[in-house]
Amino acid sequence: MSKTQSLKSHARFDPLYHFFIFALYLLNLVYAGFHLYRQPSLSSGWYLVLSLAIAVPIVKLRAYPLKVQDRVIRLEERLRLQALAPQEWHGQIYRLNEDQLIALRFAADDEVVELAKQALEHNLNRKQIKERIQSWRTDDWRV
């Protein structure tokens with residue numbers, strides 16, 4: 001059973017990634033900088049460079065699955081809108097951008113079409129769409 005989500009409680013954290021791996025990385029980076037400051041040498045400089053280089057896979061480790069998931073959400077929301085919107089509005093669905101579709105996933109079926117129309121008419125961003133949602137649909141599958 002999932003807890004109720006809202007605008008204030010829909011963000012997700014992965015404790016192992018956000019609080020352990022990332023914290024360990026920051027501590028290592030600070031230590032490498034401190035070590036270079038206290039004992040300047042080629043090896044301590046190289047240790048700092050390697051510590052900085054570790055940032056790339058740490059960022060990519062999180063970015064790649066989120067990008068794939070965003071693509072899936074985009075597809076899911078287009079299919080949902082096609083099922084719920086009147087036939088004459090189907091051509092408008094593909095005018096919604098990725099941010100708008102990702103925000104619309106939190107809207108309940110009875111309000112998603114109207115919110116999609118508002119998003120297009122007023123060029124609403126992700127935050128503005130989420131602020132207009134009256135009945136939140138939980139997303140427990142987000143990575």
# chains A, B, ... in the order shown; residues from 1 in each chain; ligands from 1

$ closest_atom_pairs --of "stretch 19-84 of chain A" --to "stretch 130-141 of chain A" --cutoff "12 Å" --atoms "only C-alpha atoms" --output "CSV"
residue,atom,partner,partner_atom,distance
A:Leu66,CA,A:Trp141,CA,11.4
A:Gln69,CA,A:Trp141,CA,9.4
A:Asp70,CA,A:Trp141,CA,11.6
A:Val72,CA,A:Trp141,CA,11.3
A:Ile73,CA,A:Trp141,CA,10.4

$ residues_around --residues "stretch 54-60 of chain A" --least-positions-apart "4" --cutoff "8 Å" --atoms "only C-alpha atoms" --output "VMD selection string"
chain A and resid 22 25 50 64

$ write_last_selection --atoms "N, CA and C atoms" --output "PDB file, in the first residue's frame"
ATOM      1  N   PHE A  22      26.136   9.225  -2.750  1.00  0.00           N
ATOM      2  CA  PHE A  22      26.440  10.631  -3.010  1.00  0.00           C
ATOM      3  C   PHE A  22      27.201  11.257  -1.844  1.00  0.00           C
ATOM      4  N   TYR A  25      30.731  10.011  -1.961  1.00  0.00           N
ATOM      5  CA  TYR A  25      31.453  10.714  -3.031  1.00  0.00           C
ATOM      6  C   TYR A  25      31.893  12.101  -2.561  1.00  0.00           C
ATOM      7  N   LEU A  50      40.970  12.108 -10.209  1.00  0.00           N
ATOM      8  CA  LEU A  50      40.161  10.887 -10.260  1.00  0.00           C
ATOM      9  C   LEU A  50      38.873  11.034  -9.446  1.00  0.00           C
ATOM     10  N   TYR A  64      20.549   8.166 -16.834  1.00  0.00           N
ATOM     11  CA  TYR A  64      20.128   7.233 -17.883  1.00  0.00           C
ATOM     12  C   TYR A  64      18.780   6.569 -17.591  1.00  0.00           C
TER      13      TYR A  64
END

$ select_by_dssp --residues "stretch 8-140 of chain A" --states "helix (DSSP H, G or I)" --output "number ranges by chain"
A: 15-38, 42-53, 55-84, 87-93, 98-104, 109-122, 126-132

$ residues_around --residues "A:Leu84" --least-positions-apart "3" --cutoff "7 Å" --atoms "only C-alpha atoms" --output "list in words"
Arg80, Leu81 and Val113 of chain A

$ residues_around --residues "A:Glu77" --least-positions-apart "6" --cutoff "8 Å" --atoms "only C-alpha atoms" --output "PyMOL selection string"
chain A and resi 101-102+104-105

$ write_last_selection --atoms "N, CA and C atoms" --output "PDB file, in the first residue's frame"
ATOM      1  N   LEU A 101       3.775  16.378 -20.281  1.00  0.00           N
ATOM      2  CA  LEU A 101       3.283  15.000 -20.172  1.00  0.00           C
ATOM      3  C   LEU A 101       3.718  14.350 -18.867  1.00  0.00           C
ATOM      4  N   ILE A 102       4.941  14.619 -18.458  1.00  0.00           N
ATOM      5  CA  ILE A 102       5.444  14.034 -17.212  1.00  0.00           C
ATOM      6  C   ILE A 102       4.654  14.567 -16.014  1.00  0.00           C
ATOM      7  N   LEU A 104       1.531  15.669 -16.150  1.00  0.00           N
ATOM      8  CA  LEU A 104       0.148  15.201 -16.258  1.00  0.00           C
ATOM      9  C   LEU A 104      -0.048  13.798 -15.701  1.00  0.00           C
ATOM     10  N   ARG A 105       1.020  13.024 -15.547  1.00  0.00           N
ATOM     11  CA  ARG A 105       0.858  11.652 -15.046  1.00  0.00           C
ATOM     12  C   ARG A 105       0.279  11.626 -13.638  1.00  0.00           C
TER      13      ARG A 105
END

$ residues_around --residues "A:Tyr94" --least-positions-apart "6" --cutoff "12 Å" --atoms "only C-alpha atoms" --output "PDB file with C-alpha atoms, in the first residue's frame"
ATOM      1  CA  ARG A  74       5.520  10.272 -22.327  1.00  0.00           C
ATOM      2  CA  LEU A  75       4.158   7.258 -24.211  1.00  0.00           C
ATOM      3  CA  GLU A  77       0.366   9.672 -21.023  1.00  0.00           C
ATOM      4  CA  ARG A  78      -0.222  10.018 -24.763  1.00  0.00           C
ATOM      5  CA  LEU A  79      -2.033   6.668 -24.755  1.00  0.00           C
ATOM      6  CA  LEU A  81      -5.036  10.980 -23.293  1.00  0.00           C
ATOM      7  CA  GLN A  82      -6.051   9.190 -26.500  1.00  0.00           C
ATOM      8  CA  GLN A 100       3.937  18.705 -19.607  1.00  0.00           C
ATOM      9  CA  LEU A 101       3.283  15.000 -20.172  1.00  0.00           C
ATOM     10  CA  ALA A 116      -3.744  19.005 -20.892  1.00  0.00           C
ATOM     11  CA  LYS A 117      -5.864  21.609 -22.693  1.00  0.00           C
ATOM     12  CA  LEU A 120      -1.364  23.884 -24.255  1.00  0.00           C
TER      13      LEU A 120
END
